[in-house]
Amino acid sequence: MRVFDRTTVETSGFLLAALEQASEAVILIDSDLHIAHFNAAAEQIWGVPREEVLGLHANLLGIIDLGPHSEITLQRGDGSRLRAAQSVSRVEVDGRSSYLAFVRDISTEVERRERLAMMNLVADKTSRAVVITDRRMRIIYTNAAFSGIYGYSPADVLGRRADHLLAGRYTDGKTRRRLLRHLCTGSDDEEEILTYDKNGDEVWISASVRPFRNKRGRIKSVFALLTDITENKQLRSLQQLITNALADELPLTEIAAQLCRRVEVIAPDVVCSLLHIDADGRIHPLGGPSLPEAYSRALDGVAIGPDVGSCGSAAYYGEPVLASDIDNDPRWQPFKAMPLAAGLKACWSTPIKANDGRVIATFAFYFREPRAPSRWHKHIVDACVHLGALAIERKEARAQIARLAFHDMLTGLPNRTQLRYLVDQAIEDCRGGQLALLFLDLDHFKDVNDTLGHSAGDTLLIEFAKRLRACIQPSDLLGRLSGDEFVIMLPDCDPARASRVASHITEALASPLWIDNRQVPISASIGISIYPDNATDLDALIQQADAAMYKAKQAGRSTHRFFSADMNRLAEQRLVLSAALRHAIADDRLKLFYQPQTRTVDGALYGVEALARWHDPDLGEVPPSKFIPLAEEVGLIEQIGLWSIREACRQMAAWRRAGLDIPCVAVNLSPLNFQNTKLATVVEETIAANGLPAEALMLEITEGVLVNERSAAIATMNAIRTLGVGLSLDDFGTGYSSLSRLAHLPIRELKIDRSFMRDIERDASALAITTAVVRVGQSLKMTVVAEGVETEGQRQLLAGLGCDVVQGYLYAPAMPPEAFERWLLDHVAGQARAMRERIEQARPQTAPSQSMASTGG
């Protein structure tokens, strides 16, 4: 047994007493790893009295790792667990190793640490930047979002002042001072402020700062929450600005100015400019409130080109152009003096394009130092190019709508609405003087439209408007009412000057136009009314000039007439007649009369021609010479033609069911009918519905249809002829037809106009023309029909020429169906009698017998 001296014993006792008083658990473990000492703090941590653990193996306490420092989880006597930090020291005494373990309850610390770790995790997951500084604004913490927004790692920023790190040349000082005041007051107000990232690029943020104070109220640290609004709120504010401006119908220049001002707020280092590029490729300033006014004026009207500064070049190429140093950029040399004098040293211009690809504007950033645009600048421009296009195209669309509302789309002339305003203004300014209103209508315009097509018709109208404009003074007013109707208003004009102007126009129109390599004659009929002699308002002046224009047409066209009181009555009659005609068509009050066509040699029935007739209950019998031209003028002739086909086929089917043998019915059609691509289908359906063979129908056309072999009319004619329906060329010889073209067209029949029949027996010219037509028909193997035959002498002369068929009063006028039926029965009976007589006359006479002679003698 080892004996200790008194000093050793006293020292050991002192140490054990000290260990007993320690706040941390102290466990003495001998060389066999048994517990030799277990102090009061250890009893508290494990929740067991020392008597129960002394002499037990240390593993029972959970002390496994005898390393210097570690964290362990302990199980207490009541089964609960806690986290503890342990520190184990090895002690050598007399060659034997013992261990002294210090254990501390760190459950609260671990909980706080885990909570902090979770808070850090959450902070790193948010898209908003978190910055914590000490009271001197030195950064002590940043989250992952901060690094993502600004590009700084935590190591880059720790210890640096936040207000110095994020501020730049154009960071607003007033906003910074307001944020500092929020620290003093503890308010939660947010401020929008321009900051800069690690690369020097602009970052707009919405910042909220809160102080953390100690118990004495002094700021201990500062918490800042930063939201990146660079491409969100700031760019949306531009969109909202333009949307509101468009909704408020602000002028385009004001919208452009507002856009530039707003851009200069969110990008304080730029001077903004918006230029419009017109259809001729010329520059016109729209917005640039911070540019010198003289510089903007100098840009107005400059033509774009490959070396016209940044904007002119960008518009020319349709691509962004950067001049990072205006002073030395070759494209800027002729233009650099004014921007350099204003302190503008670089310019970046981007073209603004319409949906159809046209460059309609440029959007430019000027910089006060030689440089290229930043990433933020590019985002702004991307937004502004879109918004600029939206604003300009919308304004262009509205301007186009206004032009359409007040101007003729084809010629660009004032339309009826604008004319009313302009003429009313001219009347108001007249102050007792005279005005002349000329109403012009193109002669034979429908023939051009129907034969050469609508495109040629449009070209004719455009050229007609140009010639009219060249004939009048700049102070005179030219407008288009509709179709081929134009109006000229001559201020301070008496009838004598009006007549001179009208004559000048007639002379100017004498030269034909060339349209699609064709020479097209052009002329106009002009009616003139005088203010205030004839009327005092536009409607009355137009109505009167219109009536006078019809007088000019009746006088042979290509001339002018003045309004007179008698024309009112004629104009009213025309209005009444056109209204009555519309009702007659709608109420099926038109009728078809039928005129027989007979063979020249034997008088046999060749066919009938269906002719429209109109008896009105109020107007009485209206002749075709009156209502057919009217139907052409008011757009009813095509409807009448289709009705005639259906009615004639219906009548033919009825006659055939009744046993009447009528070979063919001819129906007159307008050239307009042959522009209808569905005409052949209508004809096919109509003859099929009535059970008729195709050869029972003949459609008569005029020479006007043949002017343009490329027109839709030719295709329609071929489709009809393919059906087996015949085509007859009416009034042949009165117009101009190319014989070579006629030979290649599906014409089966030529009709000689009635005008040649009147003088054929005594006029050599009429006889020569008739002979030529018959010879043409014979050479092309066509049937030749002569109209208007009234005498036997005419028939005999035509028979001698070889004309196949005659039609006219010699045999019968046009008759209602019932009268024609009676005529046909009488004609057939007469033909039979004539045949019997010819047979009797041809039979040889029997001589008297000799016996009878003898007897008689």
# chains A, B, ... in the order shown; residues from 1 in each chain; ligands from 1
call {"tool": "residues_around", "arguments": {"residues": "A:Cys272", "least_positions_apart": "4", "cutoff": "7 Å", "atoms": "only C-alpha atoms", "output": "list in words"}}
result
Cys260, Glu264, Gly288, Ala364, Phe365 and Tyr366 of chain A
call {"tool": "write_last_selection", "arguments": {"atoms": "all heavy atoms", "output": "mmCIF file, in the first residue's frame"}}
result
data_model
loop_
_atom_site.group_PDB
_atom_site.id
_atom_site.type_symbol
_atom_site.label_atom_id
_atom_site.label_comp_id
_atom_site.auth_asym_id
_atom_site.auth_seq_id
_atom_site.Cartn_x
_atom_site.Cartn_y
_atom_site.Cartn_z
ATOM 1 N N CYS A 260 -38.805 59.261 -73.511
ATOM 2 C CA CYS A 260 -37.399 59.642 -73.355
ATOM 3 C C CYS A 260 -37.116 60.121 -71.938
ATOM 4 O O CYS A 260 -36.074 59.769 -71.346
ATOM 5 C CB CYS A 260 -37.048 60.734 -74.369
ATOM 6 S SG CYS A 260 -36.987 60.146 -76.088
ATOM 7 N N GLU A 264 -34.520 58.366 -69.226
ATOM 8 C CA GLU A 264 -33.407 59.111 -68.629
ATOM 9 C C GLU A 264 -33.453 59.096 -67.103
ATOM 10 O O GLU A 264 -32.438 59.338 -66.454
ATOM 11 C CB GLU A 264 -33.412 60.537 -69.163
ATOM 12 C CG GLU A 264 -32.998 60.608 -70.643
ATOM 13 C CD GLU A 264 -33.248 61.963 -71.270
ATOM 14 O OE1 GLU A 264 -33.715 62.878 -70.550
ATOM 15 O OE2 GLU A 264 -32.987 62.123 -72.474
ATOM 16 N N GLY A 288 -36.852 63.946 -77.857
ATOM 17 C CA GLY A 288 -35.470 64.106 -77.431
ATOM 18 C C GLY A 288 -35.386 65.345 -76.569
ATOM 19 O O GLY A 288 -34.672 66.297 -76.908
ATOM 20 N N ALA A 364 -32.286 56.035 -79.886
ATOM 21 C CA ALA A 364 -30.849 56.245 -79.679
ATOM 22 C C ALA A 364 -30.544 56.631 -78.242
ATOM 23 O O ALA A 364 -31.312 57.342 -77.590
ATOM 24 C CB ALA A 364 -30.344 57.329 -80.628
ATOM 25 N N PHE A 365 -29.387 56.139 -77.764
ATOM 26 C CA PHE A 365 -28.797 56.549 -76.495
ATOM 27 C C PHE A 365 -27.515 57.333 -76.791
ATOM 28 O O PHE A 365 -26.609 56.827 -77.466
ATOM 29 C CB PHE A 365 -28.429 55.328 -75.642
ATOM 30 C CG PHE A 365 -29.570 54.743 -74.874
ATOM 31 C CD1 PHE A 365 -29.382 53.619 -74.090
ATOM 32 C CD2 PHE A 365 -30.833 55.304 -74.917
ATOM 33 C CE1 PHE A 365 -30.418 53.055 -73.369
ATOM 34 C CE2 PHE A 365 -31.882 54.762 -74.202
ATOM 35 C CZ PHE A 365 -31.684 53.640 -73.432
ATOM 36 N N TYR A 366 -27.450 58.551 -76.294
ATOM 37 C CA TYR A 366 -26.205 59.314 -76.318
ATOM 38 C C TYR A 366 -25.542 59.197 -74.942
ATOM 39 O O TYR A 366 -26.238 59.246 -73.922
ATOM 40 C CB TYR A 366 -26.477 60.790 -76.616
ATOM 41 C CG TYR A 366 -26.929 61.071 -78.031
ATOM 42 C CD1 TYR A 366 -28.278 61.035 -78.371
ATOM 43 C CD2 TYR A 366 -26.013 61.401 -79.023
ATOM 44 C CE1 TYR A 366 -28.702 61.308 -79.656
ATOM 45 C CE2 TYR A 366 -26.421 61.682 -80.317
ATOM 46 C CZ TYR A 366 -27.774 61.631 -80.635
ATOM 47 O OH TYR A 366 -28.192 61.903 -81.915
#
call {"tool": "residues_around", "arguments": {"residues": "A:Thr716", "least_positions_apart": "4", "cutoff": "12 Å", "atoms": "only C-alpha atoms", "output": "PDB file with N, CA and C atoms, in the first residue's frame"}}
result
ATOM      1  N   PRO A 671     -71.819  42.729-120.764  1.00  0.00           N
ATOM      2  CA  PRO A 671     -70.422  42.318-120.528  1.00  0.00           C
ATOM      3  C   PRO A 671     -70.151  42.006-119.056  1.00  0.00           C
ATOM      4  N   LEU A 672     -70.897  42.667-118.164  1.00  0.00           N
ATOM      5  CA  LEU A 672     -70.713  42.428-116.736  1.00  0.00           C
ATOM      6  C   LEU A 672     -71.067  40.991-116.365  1.00  0.00           C
ATOM      7  N   ASN A 673     -72.060  40.414-117.054  1.00  0.00           N
ATOM      8  CA  ASN A 673     -72.419  39.026-116.768  1.00  0.00           C
ATOM      9  C   ASN A 673     -71.253  38.082-117.025  1.00  0.00           C
ATOM     10  N   PHE A 674     -70.448  38.396-118.044  1.00  0.00           N
ATOM     11  CA  PHE A 674     -69.351  37.506-118.410  1.00  0.00           C
ATOM     12  C   PHE A 674     -68.130  37.685-117.507  1.00  0.00           C
ATOM     13  N   GLN A 675     -68.128  38.713-116.658  1.00  0.00           N
ATOM     14  CA  GLN A 675     -67.077  38.843-115.646  1.00  0.00           C
ATOM     15  C   GLN A 675     -67.371  37.951-114.442  1.00  0.00           C
ATOM     16  N   ASN A 676     -68.611  37.453-114.377  1.00  0.00           N
ATOM     17  CA  ASN A 676     -69.011  36.569-113.277  1.00  0.00           C
ATOM     18  C   ASN A 676     -68.514  35.151-113.581  1.00  0.00           C
ATOM     19  N   THR A 677     -67.546  34.697-112.791  1.00  0.00           N
ATOM     20  CA  THR A 677     -66.956  33.379-113.052  1.00  0.00           C
ATOM     21  C   THR A 677     -67.945  32.237-112.813  1.00  0.00           C
ATOM     22  N   LYS A 678     -69.076  32.526-112.174  1.00  0.00           N
ATOM     23  CA  LYS A 678     -70.068  31.481-111.902  1.00  0.00           C
ATOM     24  C   LYS A 678     -71.166  31.423-112.966  1.00  0.00           C
ATOM     25  N   LEU A 679     -71.038  32.243-114.037  1.00  0.00           N
ATOM     26  CA  LEU A 679     -72.094  32.287-115.054  1.00  0.00           C
ATOM     27  C   LEU A 679     -72.307  30.928-115.709  1.00  0.00           C
ATOM     28  N   ALA A 680     -71.209  30.243-116.074  1.00  0.00           N
ATOM     29  CA  ALA A 680     -71.353  28.937-116.731  1.00  0.00           C
ATOM     30  C   ALA A 680     -72.077  27.950-115.834  1.00  0.00           C
ATOM     31  N   THR A 681     -71.812  27.986-114.542  1.00  0.00           N
ATOM     32  CA  THR A 681     -72.485  27.084-113.594  1.00  0.00           C
ATOM     33  C   THR A 681     -73.967  27.401-113.531  1.00  0.00           C
ATOM     34  N   VAL A 682     -74.310  28.696-113.498  1.00  0.00           N
ATOM     35  CA  VAL A 682     -75.719  29.106-113.466  1.00  0.00           C
ATOM     36  C   VAL A 682     -76.430  28.622-114.721  1.00  0.00           C
ATOM     37  N   VAL A 683     -75.779  28.789-115.883  1.00  0.00           N
ATOM     38  CA  VAL A 683     -76.382  28.350-117.150  1.00  0.00           C
ATOM     39  C   VAL A 683     -76.588  26.839-117.143  1.00  0.00           C
ATOM     40  N   LEU A 699     -76.649  32.632-126.119  1.00  0.00           N
ATOM     41  CA  LEU A 699     -76.380  33.837-125.332  1.00  0.00           C
ATOM     42  C   LEU A 699     -75.721  34.870-126.233  1.00  0.00           C
ATOM     43  N   ILE A 701     -73.716  38.347-126.930  1.00  0.00           N
ATOM     44  CA  ILE A 701     -72.749  39.234-126.310  1.00  0.00           C
ATOM     45  C   ILE A 701     -72.415  40.356-127.290  1.00  0.00           C
ATOM     46  N   VAL A 705     -67.001  42.844-125.026  1.00  0.00           N
ATOM     47  CA  VAL A 705     -66.473  41.737-124.227  1.00  0.00           C
ATOM     48  C   VAL A 705     -65.149  41.248-124.793  1.00  0.00           C
ATOM     49  N   LEU A 706     -64.895  41.475-126.079  1.00  0.00           N
ATOM     50  CA  LEU A 706     -63.755  40.869-126.751  1.00  0.00           C
ATOM     51  C   LEU A 706     -62.511  41.738-126.746  1.00  0.00           C
ATOM     52  N   GLU A 709     -58.485  39.712-124.554  1.00  0.00           N
ATOM     53  CA  GLU A 709     -58.559  38.253-124.584  1.00  0.00           C
ATOM     54  C   GLU A 709     -58.077  37.620-123.299  1.00  0.00           C
ATOM     55  N   ARG A 710     -57.438  38.409-122.403  1.00  0.00           N
ATOM     56  CA  ARG A 710     -56.956  37.838-121.150  1.00  0.00           C
ATOM     57  C   ARG A 710     -57.974  37.989-120.030  1.00  0.00           C
ATOM     58  N   SER A 711     -59.099  38.634-120.317  1.00  0.00           N
ATOM     59  CA  SER A 711     -60.061  38.898-119.252  1.00  0.00           C
ATOM     60  C   SER A 711     -60.777  37.626-118.831  1.00  0.00           C
ATOM     61  N   ALA A 712     -61.437  37.728-117.685  1.00  0.00           N
ATOM     62  CA  ALA A 712     -62.202  36.587-117.179  1.00  0.00           C
ATOM     63  C   ALA A 712     -63.343  36.239-118.118  1.00  0.00           C
ATOM     64  N   ILE A 720     -68.852  28.214-121.198  1.00  0.00           N
ATOM     65  CA  ILE A 720     -70.233  28.121-121.687  1.00  0.00           C
ATOM     66  C   ILE A 720     -70.284  27.332-122.995  1.00  0.00           C
ATOM     67  N   ARG A 721     -69.336  27.591-123.863  1.00  0.00           N
ATOM     68  CA  ARG A 721     -69.333  26.881-125.154  1.00  0.00           C
ATOM     69  C   ARG A 721     -69.066  25.396-124.942  1.00  0.00           C
ATOM     70  N   THR A 722     -68.260  25.068-123.920  1.00  0.00           N
ATOM     71  CA  THR A 722     -68.006  23.657-123.608  1.00  0.00           C
ATOM     72  C   THR A 722     -69.299  22.946-123.217  1.00  0.00           C
ATOM     73  N   LEU A 723     -70.216  23.672-122.608  1.00  0.00           N
ATOM     74  CA  LEU A 723     -71.517  23.081-122.251  1.00  0.00           C
ATOM     75  C   LEU A 723     -72.345  22.732-123.483  1.00  0.00           C
ATOM     76  N   VAL A 725     -73.798  25.316-125.196  1.00  0.00           N
ATOM     77  CA  VAL A 725     -74.628  26.508-125.358  1.00  0.00           C
ATOM     78  C   VAL A 725     -73.995  27.408-126.406  1.00  0.00           C
ATOM     79  N   LEU A 727     -73.049  30.886-128.573  1.00  0.00           N
ATOM     80  CA  LEU A 727     -72.710  32.282-128.304  1.00  0.00           C
ATOM     81  C   LEU A 727     -72.860  33.070-129.587  1.00  0.00           C
ATOM     82  N   LEU A 745     -62.233  32.571-131.024  1.00  0.00           N
ATOM     83  CA  LEU A 745     -63.208  32.647-129.935  1.00  0.00           C
ATOM     84  C   LEU A 745     -64.381  31.713-130.223  1.00  0.00           C
ATOM     85  N   PRO A 746     -65.049  31.228-129.167  1.00  0.00           N
ATOM     86  CA  PRO A 746     -66.114  30.223-129.352  1.00  0.00           C
ATOM     87  C   PRO A 746     -67.451  30.837-129.792  1.00  0.00           C
TER      88      PRO A 746
END
call {"tool": "residues_around", "arguments": {"residues": "stretch 445-450 of chain A", "least_positions_apart": "4", "cutoff": "12 Å", "atoms": "only C-alpha atoms", "output": "PyMOL selection string"}}
result
chain A and resi 441+454-461+464+483-485+513+515-516+518-525+629+632-635+637-638+670-676+702-714
call {"tool": "select_by_dssp", "arguments": {"residues": "stretch 419-503 of chain A", "states": "strand (DSSP E)", "output": "ChimeraX atom specification"}}
result
/A:435-442,477-482,485-490
call {"tool": "residues_around", "arguments": {"residues": "stretch 391-405 of chain A", "least_positions_apart": "4", "cutoff": "8 Å", "atoms": "only C-alpha atoms", "output": "PyMOL selection string"}}
result
chain A and resi 242+246+252+255+354+360+387+409+415+417
call {"tool": "write_last_selection", "arguments": {"atoms": "N, CA and C atoms", "output": "tab-separated table (two decimals), in the first residue's frame"}}
result
chain	number	residue	atom	x	y	z
A	242	ILE	N	-46.47	54.17	-71.82
A	242	ILE	CA	-46.92	54.21	-73.22
A	242	ILE	C	-48.39	53.83	-73.33
A	246	LEU	N	-51.20	56.27	-74.91
A	246	LEU	CA	-52.02	55.91	-76.07
A	246	LEU	C	-53.50	55.97	-75.73
A	252	LEU	N	-48.20	61.93	-80.84
A	252	LEU	CA	-47.06	61.03	-80.87
A	252	LEU	C	-45.80	61.72	-80.36
A	255	ILE	N	-45.90	61.55	-76.60
A	255	ILE	CA	-45.62	60.19	-76.13
A	255	ILE	C	-44.11	59.92	-76.20
A	354	ALA	N	-41.64	48.12	-88.22
A	354	ALA	CA	-43.06	47.78	-88.21
A	354	ALA	C	-43.21	46.27	-88.41
A	360	ILE	N	-39.36	52.25	-89.25
A	360	ILE	CA	-40.24	53.40	-89.09
A	360	ILE	C	-39.68	54.42	-88.11
A	387	LEU	N	-42.04	49.14	-77.58
A	387	LEU	CA	-43.04	50.15	-77.23
A	387	LEU	C	-43.10	51.25	-78.28
A	409	MET	N	-59.30	55.98	-100.96
A	409	MET	CA	-58.17	55.09	-100.78
A	409	MET	C	-57.37	54.91	-102.07
A	415	ASN	N	-62.71	62.49	-100.04
A	415	ASN	CA	-63.93	61.77	-100.37
A	415	ASN	C	-65.15	62.63	-100.09
A	417	THR	N	-67.20	62.77	-97.61
A	417	THR	CA	-67.26	63.36	-96.26
A	417	THR	C	-66.36	64.58	-96.16
call {"tool": "residues_around", "arguments": {"residues": "A:Ala436", "least_positions_apart": "3", "cutoff": "10 Å", "atoms": "only C-alpha atoms", "output": "PDB file with N, CA and C atoms, in the first residue's frame"}}
result
ATOM      1  N   PHE A 439     -69.101  68.451-111.961  1.00  0.00           N
ATOM      2  CA  PHE A 439     -69.328  67.027-111.715  1.00  0.00           C
ATOM      3  C   PHE A 439     -68.856  66.284-112.955  1.00  0.00           C
ATOM      4  N   ILE A 488     -64.989  68.838-108.947  1.00  0.00           N
ATOM      5  CA  ILE A 488     -64.027  69.941-108.845  1.00  0.00           C
ATOM      6  C   ILE A 488     -64.789  71.171-108.369  1.00  0.00           C
ATOM      7  N   MET A 489     -64.271  71.813-107.331  1.00  0.00           N
ATOM      8  CA  MET A 489     -64.873  73.048-106.833  1.00  0.00           C
ATOM      9  C   MET A 489     -63.908  74.193-107.137  1.00  0.00           C
ATOM     10  N   LEU A 490     -64.420  75.206-107.868  1.00  0.00           N
ATOM     11  CA  LEU A 490     -63.609  76.345-108.275  1.00  0.00           C
ATOM     12  C   LEU A 490     -64.058  77.572-107.484  1.00  0.00           C
ATOM     13  N   PRO A 491     -63.266  78.039-106.520  1.00  0.00           N
ATOM     14  CA  PRO A 491     -63.659  79.232-105.765  1.00  0.00           C
ATOM     15  C   PRO A 491     -63.504  80.489-106.619  1.00  0.00           C
ATOM     16  N   ASP A 492     -64.321  81.524-106.273  1.00  0.00           N
ATOM     17  CA  ASP A 492     -64.265  82.811-106.996  1.00  0.00           C
ATOM     18  C   ASP A 492     -64.315  82.580-108.499  1.00  0.00           C
ATOM     19  N   CYS A 493     -65.317  81.816-108.920  1.00  0.00           N
ATOM     20  CA  CYS A 493     -65.384  81.403-110.327  1.00  0.00           C
ATOM     21  C   CYS A 493     -66.762  81.713-110.896  1.00  0.00           C
ATOM     22  N   ASP A 494     -66.785  82.438-112.013  1.00  0.00           N
ATOM     23  CA  ASP A 494     -68.049  82.705-112.704  1.00  0.00           C
ATOM     24  C   ASP A 494     -68.251  81.651-113.791  1.00  0.00           C
ATOM     25  N   PRO A 495     -69.420  81.612-114.432  1.00  0.00           N
ATOM     26  CA  PRO A 495     -69.683  80.599-115.460  1.00  0.00           C
ATOM     27  C   PRO A 495     -68.671  80.620-116.613  1.00  0.00           C
ATOM     28  N   ARG A 497     -65.397  81.337-116.582  1.00  0.00           N
ATOM     29  CA  ARG A 497     -64.169  80.621-116.216  1.00  0.00           C
ATOM     30  C   ARG A 497     -64.452  79.130-116.061  1.00  0.00           C
ATOM     31  N   ALA A 498     -65.602  78.790-115.498  1.00  0.00           N
ATOM     32  CA  ALA A 498     -65.949  77.376-115.339  1.00  0.00           C
ATOM     33  C   ALA A 498     -65.988  76.674-116.686  1.00  0.00           C
ATOM     34  N   SER A 499     -66.510  77.371-117.694  1.00  0.00           N
ATOM     35  CA  SER A 499     -66.575  76.787-119.033  1.00  0.00           C
ATOM     36  C   SER A 499     -65.180  76.599-119.609  1.00  0.00           C
ATOM     37  N   ILE A 528     -72.013  71.302-114.772  1.00  0.00           N
ATOM     38  CA  ILE A 528     -71.576  72.452-113.977  1.00  0.00           C
ATOM     39  C   ILE A 528     -72.783  73.111-113.318  1.00  0.00           C
ATOM     40  N   SER A 529     -72.656  73.358-112.000  1.00  0.00           N
ATOM     41  CA  SER A 529     -73.650  74.164-111.289  1.00  0.00           C
ATOM     42  C   SER A 529     -72.927  75.305-110.597  1.00  0.00           C
ATOM     43  N   ILE A 530     -73.603  76.420-110.419  1.00  0.00           N
ATOM     44  CA  ILE A 530     -72.994  77.648-109.900  1.00  0.00           C
ATOM     45  C   ILE A 530     -73.642  78.034-108.572  1.00  0.00           C
ATOM     46  N   TYR A 531     -72.794  78.323-107.582  1.00  0.00           N
ATOM     47  CA  TYR A 531     -73.253  78.882-106.308  1.00  0.00           C
ATOM     48  C   TYR A 531     -73.092  80.405-106.361  1.00  0.00           C
ATOM     49  N   PRO A 532     -74.085  81.151-105.917  1.00  0.00           N
ATOM     50  CA  PRO A 532     -75.386  80.755-105.345  1.00  0.00           C
ATOM     51  C   PRO A 532     -76.506  80.768-106.370  1.00  0.00           C
ATOM     52  N   ASP A 533     -76.159  80.900-107.678  1.00  0.00           N
ATOM     53  CA  ASP A 533     -77.201  81.055-108.700  1.00  0.00           C
ATOM     54  C   ASP A 533     -78.128  79.849-108.766  1.00  0.00           C
ATOM     55  N   ASN A 534     -77.516  78.629-108.700  1.00  0.00           N
ATOM     56  CA  ASN A 534     -78.323  77.407-108.827  1.00  0.00           C
ATOM     57  C   ASN A 534     -78.711  76.808-107.478  1.00  0.00           C
ATOM     58  N   LEU A 541     -75.941  71.386-105.046  1.00  0.00           N
ATOM     59  CA  LEU A 541     -74.990  71.672-106.127  1.00  0.00           C
ATOM     60  C   LEU A 541     -74.569  70.396-106.844  1.00  0.00           C
ATOM     61  N   ALA A 545     -75.329  69.520-110.703  1.00  0.00           N
ATOM     62  CA  ALA A 545     -74.217  69.250-111.617  1.00  0.00           C
ATOM     63  C   ALA A 545     -74.317  67.844-112.198  1.00  0.00           C
TER      64      ALA A 545
END
call {"tool": "select_by_dssp", "arguments": {"residues": "stretch 301-509 of chain A", "states": "helix (DSSP H, G or I)", "output": "ChimeraX atom specification"}}
result
/A:309-317,326-328,330-332,337-341,375-406,416-430,445-452,454-471,495-508
call {"tool": "closest_residue", "arguments": {"among": "A:Pro251, A:Gly691, A:Gly802, A:Gly305", "to": "A:Gly777", "atoms": "only C-alpha atoms"}}
result
A:Gly802
call {"tool": "residues_around", "arguments": {"residues": "stretch 89-93 of chain A", "least_positions_apart": "2", "cutoff": "12 Å", "atoms": "only C-alpha atoms", "output": "list of chain:residue names"}}
result
A:Val26, A:Ile27, A:Leu28, A:Ile29, A:Asp30, A:Ser31, A:Leu33, A:Asp65, A:Leu66, A:Gly67, A:Pro68, A:His69, A:Gln86, A:Ser87, A:Gly95, A:Arg96, A:Ser97, A:Ser98, A:Tyr99, A:Leu100, A:Ala101, A:Phe102, A:Val103
call {"tool": "write_last_selection", "arguments": {"atoms": "C-alpha atoms", "output": "PDB file, in the first residue's frame"}}
result
ATOM      1  CA  VAL A  26     -16.193  16.441 -14.448  1.00  0.00           C
ATOM      2  CA  ILE A  27     -15.633  12.711 -14.703  1.00  0.00           C
ATOM      3  CA  LEU A  28     -12.370  11.034 -13.664  1.00  0.00           C
ATOM      4  CA  ILE A  29     -11.755   7.775 -15.563  1.00  0.00           C
ATOM      5  CA  ASP A  30      -9.019   5.395 -14.432  1.00  0.00           C
ATOM      6  CA  SER A  31      -6.694   3.376 -16.578  1.00  0.00           C
ATOM      7  CA  LEU A  33     -11.838   3.048 -18.076  1.00  0.00           C
ATOM      8  CA  ASP A  65     -14.567   8.964 -27.854  1.00  0.00           C
ATOM      9  CA  LEU A  66     -11.660   9.832 -25.594  1.00  0.00           C
ATOM     10  CA  GLY A  67     -10.352  12.355 -28.065  1.00  0.00           C
ATOM     11  CA  PRO A  68      -9.674  15.906 -26.985  1.00  0.00           C
ATOM     12  CA  HIS A  69     -12.935  17.541 -28.279  1.00  0.00           C
ATOM     13  CA  GLN A  86     -16.977  16.842 -24.203  1.00  0.00           C
ATOM     14  CA  SER A  87     -13.267  17.457 -23.751  1.00  0.00           C
ATOM     15  CA  GLY A  95       3.320   5.408 -15.162  1.00  0.00           C
ATOM     16  CA  ARG A  96      -0.420   4.839 -15.184  1.00  0.00           C
ATOM     17  CA  SER A  97      -2.813   6.619 -17.604  1.00  0.00           C
ATOM     18  CA  SER A  98      -6.004   8.187 -16.334  1.00  0.00           C
ATOM     19  CA  TYR A  99      -8.536  10.405 -18.139  1.00  0.00           C
ATOM     20  CA  LEU A 100     -10.233  13.587 -17.054  1.00  0.00           C
ATOM     21  CA  ALA A 101     -13.462  14.330 -19.017  1.00  0.00           C
ATOM     22  CA  PHE A 102     -15.233  17.714 -19.013  1.00  0.00           C
ATOM     23  CA  VAL A 103     -18.816  17.589 -20.345  1.00  0.00           C
TER      24      VAL A 103
END
call {"tool": "closest_residue", "arguments": {"among": "A:Ser127, A:Gln573, A:Ser324, A:Ser310", "to": "A:Glu369", "atoms": "only C-alpha atoms"}}
result
A:Ser324
call {"tool": "atom_distance", "arguments": {"atom1": "atom CA of A:Ala25", "atom2": "atom CA of A:Leu54"}}
result
14.0 Å
call {"tool": "closest_residue", "arguments": {"among": "A:Cys664, A:Leu767, A:Leu642, A:Val88", "to": "A:Tyr606", "atoms": "only C-alpha atoms"}}
result
A:Cys664
